[in-house]
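One file, model_8.cif, is given below (mmCIF, C-alpha atoms).
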data_structure
#
loop_
_atom_site.label_atom_id
_atom_site.label_comp_id
_atom_site.auth_asym_id
_atom_site.auth_seq_id
_atom_site.Cartn_x
_atom_site.Cartn_y
_atom_site.Cartn_z
CA MET K 16 0.97 -10.18 -6.51
CA ARG K 17 -2.60 -10.46 -7.78
CA LYS K 18 -3.98 -9.54 -4.34
CA ILE K 19 -1.71 -6.48 -4.17
CA ILE K 20 -2.88 -5.30 -7.60
CA LEU K 21 -6.55 -5.81 -6.69
CA SER K 22 -6.12 -4.02 -3.37
CA THR K 23 -4.39 -1.14 -5.14
CA LEU K 24 -7.22 -0.91 -7.67
CA VAL K 25 -9.81 -0.82 -4.88
CA LEU K 26 -7.91 1.94 -3.08
CA VAL K 27 -7.52 3.98 -6.25
CA ALA K 28 -11.21 3.56 -7.07
CA LEU K 29 -12.33 4.56 -3.60
CA SER K 30 -10.02 7.56 -3.56
CA SER K 31 -11.28 8.69 -6.96
CA CYS K 32 -14.46 10.00 -5.37
CA LYS K 33 -13.52 13.64 -4.97
CA LYS K 34 -13.49 15.05 -1.48
CA GLU K 35 -16.12 17.69 -1.22
CA SER K 36 -16.54 20.20 1.51
CA GLN K 37 -19.38 19.42 3.81
CA LYS K 38 -21.99 22.10 4.23
CA THR K 39 -24.20 21.53 7.20
CA ASP K 40 -26.80 23.72 8.75
CA GLU K 41 -25.71 23.93 12.35
CA ASN K 42 -29.17 25.17 13.32
CA ALA K 43 -30.99 22.20 11.82
CA VAL K 44 -32.46 19.75 14.28
CA THR K 45 -32.79 16.18 13.13
CA THR K 46 -34.58 13.31 14.74
CA ASP K 47 -33.27 9.79 14.59
CA SER K 48 -34.94 6.54 15.58
CA VAL K 49 -32.18 6.07 18.11
CA SER K 50 -31.26 8.43 20.90
CA VAL K 51 -28.19 10.44 20.07
CA SER K 52 -25.76 11.34 22.79
CA GLN K 53 -25.31 15.05 23.40
CA ASN K 54 -21.60 14.50 24.01
CA THR K 55 -19.79 15.69 20.89
CA GLU K 56 -16.31 14.54 21.82
CA PRO K 57 -14.95 12.20 19.14
CA ALA K 58 -13.25 9.93 21.66
CA SER K 59 -16.57 8.94 23.23
CA SER K 60 -18.11 8.40 19.80
CA ALA K 61 -15.19 6.23 18.76
CA LEU K 62 -15.99 3.86 21.59
CA ALA K 63 -19.50 3.37 20.21
CA LEU K 64 -18.37 2.45 16.70
CA LYS K 65 -17.97 -1.26 16.10
CA VAL K 66 -15.20 -2.51 13.80
CA LEU K 67 -16.08 -5.36 11.46
CA THR K 68 -13.69 -7.88 9.98
CA THR K 69 -14.35 -8.82 6.37
CA GLN K 70 -15.80 -12.14 7.60
CA GLN K 71 -18.14 -10.38 10.03
CA ALA K 72 -19.23 -8.03 7.24
CA SER K 73 -19.95 -10.99 4.95
CA ASP K 74 -21.91 -12.75 7.68
CA PHE K 75 -23.93 -9.57 8.35
CA LEU K 76 -24.69 -9.11 4.64
CA LYS K 77 -25.92 -12.71 4.37
CA THR K 78 -28.37 -12.48 7.28
CA LYS K 79 -31.64 -14.01 6.07
CA ASN K 80 -34.83 -13.53 8.05
CA ASP K 81 -38.00 -11.42 8.00
CA THR K 82 -36.12 -8.18 8.68
CA LEU K 83 -35.19 -5.88 5.81
CA TYR K 84 -31.50 -5.01 6.11
CA VAL K 85 -30.49 -1.81 4.30
CA THR K 86 -26.71 -1.40 4.30
CA ASN K 87 -25.12 1.77 2.95
CA PHE K 88 -21.36 1.82 2.27
CA PHE K 89 -19.92 5.32 2.49
CA ALA K 90 -16.87 7.42 3.35
CA THR K 91 -16.80 10.76 5.14
CA TRP K 92 -14.93 12.43 2.27
CA CYS K 93 -17.38 11.29 -0.45
CA GLY K 94 -19.74 14.13 -1.43
CA PRO K 95 -22.54 11.93 -2.87
CA CYS K 96 -22.36 9.73 0.24
CA VAL K 97 -22.80 12.73 2.53
CA ARG K 98 -25.71 14.09 0.47
CA GLU K 99 -27.72 10.85 0.65
CA ILE K 100 -27.41 10.28 4.42
CA PRO K 101 -30.46 12.48 5.23
CA HIS K 102 -32.61 10.22 2.99
CA PHE K 103 -31.64 7.20 5.06
CA LYS K 104 -32.16 9.09 8.32
CA GLU K 105 -35.72 9.99 7.24
CA LYS K 106 -36.38 6.30 6.62
CA ILE K 107 -34.97 5.36 10.05
CA THR K 108 -37.48 7.74 11.64
CA GLU K 109 -40.36 6.75 9.37
CA LEU K 110 -39.85 2.99 9.81
CA LYS K 111 -39.22 3.00 13.56
CA GLY K 112 -40.80 -0.09 15.08
CA LYS K 113 -40.97 -1.96 11.76
CA PRO K 114 -38.72 -4.92 10.85
CA VAL K 115 -36.19 -2.72 9.04
CA LYS K 116 -32.55 -2.20 10.04
CA ILE K 117 -30.60 0.58 8.31
CA THR K 118 -26.85 0.41 8.77
CA PHE K 119 -24.06 2.64 7.53
CA VAL K 120 -20.67 1.02 6.87
CA SER K 121 -17.75 3.43 6.77
CA VAL K 122 -14.92 2.34 4.49
CA ASP K 123 -12.75 5.28 5.53
CA ASN K 124 -9.04 4.64 6.16
CA LYS K 125 -8.21 3.32 9.62
CA ASP K 126 -6.11 6.39 10.39
CA VAL K 127 -9.31 8.50 10.72
CA TRP K 128 -11.40 5.95 12.66
CA ASN K 129 -10.74 7.72 15.96
CA THR K 130 -10.93 11.30 14.67
CA ASP K 131 -12.83 12.20 11.48
CA VAL K 132 -15.27 9.29 11.38
CA PRO K 133 -16.62 9.61 14.95
CA ARG K 134 -16.92 13.36 14.58
CA PHE K 135 -18.72 12.98 11.23
CA VAL K 136 -21.20 10.30 12.34
CA ASN K 137 -21.91 12.25 15.52
CA GLU K 138 -22.64 15.41 13.49
CA GLN K 139 -24.87 13.40 11.15
CA GLY K 140 -26.67 11.70 14.06
CA ILE K 141 -25.87 8.19 12.81
CA THR K 142 -23.37 7.01 15.42
CA GLU K 143 -25.56 4.14 16.64
CA ASN K 144 -26.19 2.98 13.07
CA THR K 145 -22.57 3.05 11.87
CA LEU K 146 -19.99 0.27 11.59
CA LEU K 147 -16.34 0.51 10.53
CA LEU K 148 -14.81 -1.69 7.83
CA ASP K 149 -11.20 -1.42 6.71
CA GLY K 150 -11.47 -0.74 2.97
CA LYS K 151 -7.87 -1.85 2.49
CA LEU K 152 -8.85 -5.40 3.43
CA LEU K 153 -11.58 -5.64 0.81
CA ASP K 154 -10.47 -7.72 -2.15
CA ALA K 155 -12.07 -9.22 -5.25
CA ASN K 156 -13.16 -12.30 -3.29
CA PHE K 157 -15.06 -10.16 -0.79
CA PHE K 158 -16.96 -8.37 -3.55
CA LYS K 159 -17.59 -11.49 -5.62
CA SER K 160 -18.90 -13.49 -2.65
CA ASN K 161 -21.22 -10.73 -1.38
CA PHE K 162 -22.47 -8.77 -4.39
CA THR K 163 -23.45 -9.25 -8.02
CA LYS K 164 -23.07 -5.62 -9.14
CA TRP K 165 -20.52 -3.97 -6.84
CA ASP K 166 -16.82 -4.54 -7.40
CA GLY K 167 -15.69 -1.90 -4.92
CA GLY K 168 -14.82 0.57 -7.65
CA ALA K 169 -17.03 3.40 -6.38
CA ILE K 170 -19.21 4.54 -3.51
CA PRO K 171 -21.84 5.16 -2.27
CA PHE K 172 -23.28 1.67 -2.55
CA THR K 173 -26.51 0.41 -1.00
CA PHE K 174 -27.30 -3.27 -0.44
CA MET K 175 -30.70 -4.52 0.70
CA ARG K 176 -31.69 -7.99 1.84
CA LYS K 177 -34.83 -9.55 3.21
CA GLY K 178 -34.75 -13.32 3.28
CA ASP K 179 -33.48 -14.47 -0.11
CA LYS K 180 -34.45 -11.26 -1.93
CA THR K 181 -31.64 -8.73 -2.50
CA ASP K 182 -31.17 -5.41 -4.25
CA GLU K 183 -28.00 -3.48 -5.05
CA TYR K 184 -27.65 0.16 -6.00
CA LEU K 185 -24.41 1.88 -6.95
CA GLY K 186 -24.33 5.65 -6.73
CA MET K 187 -26.24 8.30 -4.82
CA ILE K 188 -29.78 7.14 -4.18
CA THR K 189 -32.65 9.63 -4.38
CA PRO K 190 -35.32 9.75 -1.67
CA GLU K 191 -37.91 8.52 -4.18
CA LEU K 192 -35.82 5.56 -5.30
CA LEU K 193 -34.94 4.61 -1.73
CA ASP K 194 -38.63 4.76 -0.80
CA SER K 195 -39.60 2.65 -3.82
CA LYS K 196 -36.97 0.00 -3.13
CA ILE K 197 -37.89 -0.29 0.55
CA LYS K 198 -41.62 -0.51 -0.27
CA SER K 199 -40.93 -3.33 -2.74
CA PHE K 200 -39.42 -5.36 0.13
CA LEU K 201 -42.17 -4.55 2.62
CA LYS K 202 -45.15 -5.58 0.44
#
Would you mind writing the file's structure down as structure tokens?
Amino acid sequence: MRKIILSTLVLVALSSCKKESQKTDENAVTTDSVSVSQNTEPASSALALKVLTTQQASDFLKTKNDTLYVTNFFATWCGPCVREIPHFKEKITELKGKPVKITFVSVDNKDVWNTDVPRFVNEQGITENTLLLDGKLLDANFFKSNFTKWDGGAIPFTFMRKGDKTDEYLGMITPELLDSKIKSFLK
């Protein structure tokens, strides 16, 4: 019963982020540190997206080495999430060749994993940096064992780790704050 209540609370919290219409400049050209396929068919993009179990996500978040791991949890329908993606993309380009790995984790519902999510990440140019995680499987234990500040109640959420040093940020991150946080890890 407790697990059902917690799961329900997580779903309600995630769905409380209002869906906002996405305004994109179709003429804008963006450069990513990874090559982006010119094929815009969602089915081919869906094949490139890896699905994580909660255990795989936990293992990924606990990776400790000399690489800075920047993990951004988002959903395609979350306006603040969509608005901060360009900041992360700029950092991917800027830090190419450095020991920094920026990853986007979609917590969208599974029913849009083969339609909306692939189309969205392809349009954003982040297909090769995006993983799928079923938000319905995230419970209090997942949050408590992986984070000190995030309880799953809202997105976007950014988690950074390099070795034993971590940083957590809840809410839309500004370019200046993202830059400052990354620089503090790369000193």
| Nearby residues (all atoms listed in the file) at most 9 Å from Ile117 of chain K, same-chain spacing under 6 positions excluded, as a list in words |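 Counting only the stated atoms, we get Leu83, Tyr84, Val85, Thr86, Asn87, Phe103, Lys104, Lys106, Ile107 and Asn144 of chain K.
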| request: Choose the residue, out of K:Val115, K:Val127, K:Ile188, K:Leu201, that has the smallest atom-to-atom separation from Leu148 of chain K; count all atoms listed in the file. | output: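 Result for the nearest residue to Leu148 of chain K: K:Val127.
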| Counting all atoms listed in the file, the residue of K:Thr108, K:Gln71, K:Thr145, K:Ser160 that sits nearest Val132 of chain K | K:Thr145
| Hey, what comes out of the PyMOL selection byres ((chain K and resi 161) around 10) on this file? Could you write it as a list of chain:residue names? |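 Evaluating the PyMOL selection byres ((chain K and resi 161) around 10) on this file yields K:Ala72, K:Ser73, K:Asp74, K:Leu76, K:Lys77, K:Asn156, K:Phe157, K:Phe158, K:Lys159, K:Ser160, K:Phe162, K:Thr163, K:Lys164, K:Trp165, K:Asp166, K:Phe174.
With distances restricted to only C-alpha atoms, K:Leu147 is the closest residue to Asp126 of chain K from K:Leu147, K:Leu110, K:Met187, K:Leu67.
Using only C-alpha atoms, the shortest contact distance between Cys96 of chain K and any of K:Gly186, K:Leu192, K:Pro171, K:Pro114 is found at K:Pro171.
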| task | Could you state which residues are captured by the PyMOL selection byres ((chain K and resi 81) around 8) in this file, as JSON, numbers by chain? | result | {"K": [79, 80, 82, 83, 114, 177, 178]}
| request: Grab the atom CA of Lys151 of chain K to atom CA of Thr130 of chain K distance for me, in Å with one decimal place. | output: 18.2 Å
| query | Any idea what the distance is between atom CA of Thr78 of chain K and atom CA of His102 of chain K? | reply |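 Atom-to-atom, atom CA of Thr78 of chain K to atom CA of His102 of chain K, that is 23.5 Å.
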| So which one's closest to Val136 of chain K, K:Glu105, K:Thr173, K:Lys111, K:Thr91? Using only C-alpha atoms, please. |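 Once distances to Val136 of chain K are computed over only C-alpha atoms, the minimum belongs to K:Thr91.
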| task | Using all atoms listed in the file, pick whichever of K:Lys180, K:Gly94, K:Leu64, K:Phe75 has the shortest atom-to-atom distance to Thr142 of chain K. | result |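 When distances to Thr142 of chain K are compared using all atoms listed in the file, the smallest one comes from K:Leu64.
Reported to one decimal place, the separation of atom CA of Asp154 of chain K from atom CA of Gly168 of chain K is 10.9 Å.
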For segment 82-95 of chain K, supply N, CA and C atoms and format the output as a PDB file, in the frame of the given file.
ATOM      1  N   THR K  82     -36.511  -9.581   8.559  1.00  0.00           N
ATOM      2  CA  THR K  82     -36.120  -8.180   8.680  1.00  0.00           C
ATOM      3  C   THR K  82     -35.504  -7.713   7.361  1.00  0.00           C
ATOM      4  N   LEU K  83     -35.830  -6.493   6.972  1.00  0.00           N
ATOM      5  CA  LEU K  83     -35.190  -5.880   5.810  1.00  0.00           C
ATOM      6  C   LEU K  83     -33.925  -5.191   6.300  1.00  0.00           C
ATOM      7  N   TYR K  84     -32.780  -5.610   5.776  1.00  0.00           N
ATOM      8  CA  TYR K  84     -31.500  -5.010   6.110  1.00  0.00           C
ATOM      9  C   TYR K  84     -31.085  -4.090   4.963  1.00  0.00           C
ATOM     10  N   VAL K  85     -30.934  -2.806   5.266  1.00  0.00           N
ATOM     11  CA  VAL K  85     -30.490  -1.810   4.300  1.00  0.00           C
ATOM     12  C   VAL K  85     -29.095  -1.382   4.746  1.00  0.00           C
ATOM     13  N   THR K  86     -28.090  -1.686   3.934  1.00  0.00           N
ATOM     14  CA  THR K  86     -26.710  -1.400   4.300  1.00  0.00           C
ATOM     15  C   THR K  86     -26.122  -0.422   3.295  1.00  0.00           C
ATOM     16  N   ASN K  87     -25.678   0.728   3.800  1.00  0.00           N
ATOM     17  CA  ASN K  87     -25.120   1.770   2.950  1.00  0.00           C
ATOM     18  C   ASN K  87     -23.626   1.899   3.212  1.00  0.00           C
ATOM     19  N   PHE K  88     -22.821   1.673   2.171  1.00  0.00           N
ATOM     20  CA  PHE K  88     -21.360   1.820   2.270  1.00  0.00           C
ATOM     21  C   PHE K  88     -21.003   3.239   1.863  1.00  0.00           C
ATOM     22  N   PHE K  89     -20.235   3.915   2.719  1.00  0.00           N
ATOM     23  CA  PHE K  89     -19.920   5.320   2.490  1.00  0.00           C
ATOM     24  C   PHE K  89     -18.527   5.645   3.014  1.00  0.00           C
ATOM     25  N   ALA K  90     -18.079   6.868   2.743  1.00  0.00           N
ATOM     26  CA  ALA K  90     -16.870   7.420   3.350  1.00  0.00           C
ATOM     27  C   ALA K  90     -17.160   8.885   3.666  1.00  0.00           C
ATOM     28  N   THR K  91     -16.528   9.389   4.691  1.00  0.00           N
ATOM     29  CA  THR K  91     -16.800  10.760   5.140  1.00  0.00           C
ATOM     30  C   THR K  91     -16.401  11.799   4.111  1.00  0.00           C
ATOM     31  N   TRP K  92     -15.435  11.482   3.247  1.00  0.00           N
ATOM     32  CA  TRP K  92     -14.930  12.430   2.270  1.00  0.00           C
ATOM     33  C   TRP K  92     -15.688  12.377   0.935  1.00  0.00           C
ATOM     34  N   CYS K  93     -16.644  11.493   0.806  1.00  0.00           N
ATOM     35  CA  CYS K  93     -17.380  11.290  -0.450  1.00  0.00           C
ATOM     36  C   CYS K  93     -18.626  12.171  -0.477  1.00  0.00           C
ATOM     37  N   GLY K  94     -18.628  13.181  -1.345  1.00  0.00           N
ATOM     38  CA  GLY K  94     -19.740  14.130  -1.430  1.00  0.00           C
ATOM     39  C   GLY K  94     -21.095  13.476  -1.654  1.00  0.00           C
ATOM     40  N   PRO K  95     -21.239  12.589  -2.658  1.00  0.00           N
ATOM     41  CA  PRO K  95     -22.540  11.930  -2.870  1.00  0.00           C
ATOM     42  C   PRO K  95     -22.985  11.110  -1.646  1.00  0.00           C
TER      43      PRO K  95
END
